[in-house]
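The structure appears right after this line, and notes come after that.
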Amino acid sequence: MARGPDPDDDDGAVSPELQSEVETLSAERLVFFSDAVVAIAITLLALELPVPQGVTNHDWLASARQNFDQYLAFVISFLVISAYWRGHHRVFRYLRNADPIVGLNLLWLFFIVITPFVTKVLSGDGAFQSRFILYASVQVLASLTFLTIIRVVRRRDLLREGSPPHLVRNTTIRMAGLALAFGISLPISLVTPWAYLCWVAIPVVTIALRRIADRLSPL
């Protein structure tokens with residue numbers, strides 16, 4: 001007797017219209033999930049902040065100054081995660097199919113989730129090089145993972161028809177700026193604590209990369 005179709009078989013043939021709808025819903029679910037994870041990561045950053053203590057104004061301000069490193073680390077990580085999310089938001093809102101990049105997106109979210117932990121490590125005392133390298137390495141890996149996502153999106157043509165023509169190019173430049181700035185800071189941290197300046201220079205690095213890209217491939 002011939003075997004009928006298995007209702008639990010996900011590999012059965014479906015209509016092109018249904019397949020397109022399923023892919024679109026899958027992409028939207030991935031966006032919602034990613035946004036939630038990023039929001040939680042940013043919230044965890046704030047939860048780790050110490051509250052200044054003191055009976056008098058002088059004591060309270062002195063306590064705040066003692067925790068300055070932790071507040072600075074929070075600002076750095078907030079800006080970094082925000083930059084990642086902006087890139088994610090720019091690209092993924094035009095995504096028509098997320099299936100080929102689900103695994104890479106989860107890997108990228110892994111680095112986002114551990115950023116609050118490495119932020120706390122960064123603001124610790126002693127062992128500057130180890131703490132700095134751990135933090136910068138996580139950001140390099142996060143940037144490279146996102147660049148890989150963009151590469152797959154471009155190669156597999158995963159964006160919806162009519163998407164901005166330079167969306168992938170511009171987002172790639174921004175993510176490359178992050179990866180380059182954090183990457184350069186790694187060896188510099190072995191020589192001087194001023195390696196932090198490499199992170200401050202991220203906007204400058206991004207502008208330089210954009211100008212190089214314009215010369216190599218004018219818009």
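Quick note on naming: the chains in the structure tokens go A, B, ... in the order shown, residues restart at 1 in each chain, and ligands are numbered from 1 in order of appearance.
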Selection near Ala27 (chain A), 7 Å with only C-alpha atoms, sequence-local residues under 5 positions removed, as a PyMOL selection string = chain A and resi 95-98
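Taking only C-alpha atoms, the non-local environment of region 68-80 of chain A within 8 Å (same-chain residues fewer than 5 positions away omitted) comprises Ile42, Leu45, Ala46, Leu49, Pro50, Thr115, Pro116, Thr119, Lys120, Leu122 and Ser123 of chain A.
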Computed interatomic separation between CA of Leu106 (chain A) and CA of Ala136 (chain A) (Å) | 19.7 Å
Quick one: pick out all alpha helix (DSSP H) residues within region 64-150 of chain A from a backbone DSSP run and write them as number ranges by chain.
-> A: 64-66, 68-92, 102-122, 128-150
Please provide as a PyMOL selection string all residues within 8 Å of region 146-150 of chain A, with the sequence filter that same-chain residues fewer than 5 positions apart are discarded (counting only C-alpha atoms).
-> chain A and resi 101+104-105+108+168+172+175-176
Can I get the selection written as a PDB file, in the first residue's frame, with N, CA and C atoms?
```
ATOM      1  N   ILE A 101      21.336  32.142   7.886  1.00  0.00           N
ATOM      2  CA  ILE A 101      22.197  32.877   8.820  1.00  0.00           C
ATOM      3  C   ILE A 101      21.759  32.733  10.269  1.00  0.00           C
ATOM      4  N   LEU A 104      24.796  31.783  12.493  1.00  0.00           N
ATOM      5  CA  LEU A 104      25.716  32.910  12.642  1.00  0.00           C
ATOM      6  C   LEU A 104      25.121  33.995  13.527  1.00  0.00           C
ATOM      7  N   ASN A 105      23.820  34.222  13.395  1.00  0.00           N
ATOM      8  CA  ASN A 105      23.172  35.233  14.227  1.00  0.00           C
ATOM      9  C   ASN A 105      23.205  34.837  15.702  1.00  0.00           C
ATOM     10  N   TRP A 108      26.647  35.550  16.954  1.00  0.00           N
ATOM     11  CA  TRP A 108      26.796  36.985  17.202  1.00  0.00           C
ATOM     12  C   TRP A 108      26.114  37.382  18.504  1.00  0.00           C
ATOM     13  N   VAL A 168      24.303  47.017   2.171  1.00  0.00           N
ATOM     14  CA  VAL A 168      25.322  46.053   2.579  1.00  0.00           C
ATOM     15  C   VAL A 168      26.695  46.710   2.623  1.00  0.00           C
ATOM     16  N   THR A 172      28.840  47.134   6.031  1.00  0.00           N
ATOM     17  CA  THR A 172      30.125  46.446   6.068  1.00  0.00           C
ATOM     18  C   THR A 172      31.236  47.391   6.504  1.00  0.00           C
ATOM     19  N   MET A 175      30.955  48.032  10.324  1.00  0.00           N
ATOM     20  CA  MET A 175      31.393  46.888  11.118  1.00  0.00           C
ATOM     21  C   MET A 175      32.897  46.662  10.979  1.00  0.00           C
ATOM     22  N   ALA A 176      33.427  46.916   9.795  1.00  0.00           N
ATOM     23  CA  ALA A 176      34.866  46.776   9.589  1.00  0.00           C
ATOM     24  C   ALA A 176      35.623  47.806  10.422  1.00  0.00           C
TER      25      ALA A 176
END
```
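Distances here use only C-alpha atoms; by that measure, the residue among A:Gly87, A:Pro52, A:Pro100, A:Gly124 closest to Arg156 (chain A) is A:Pro100.
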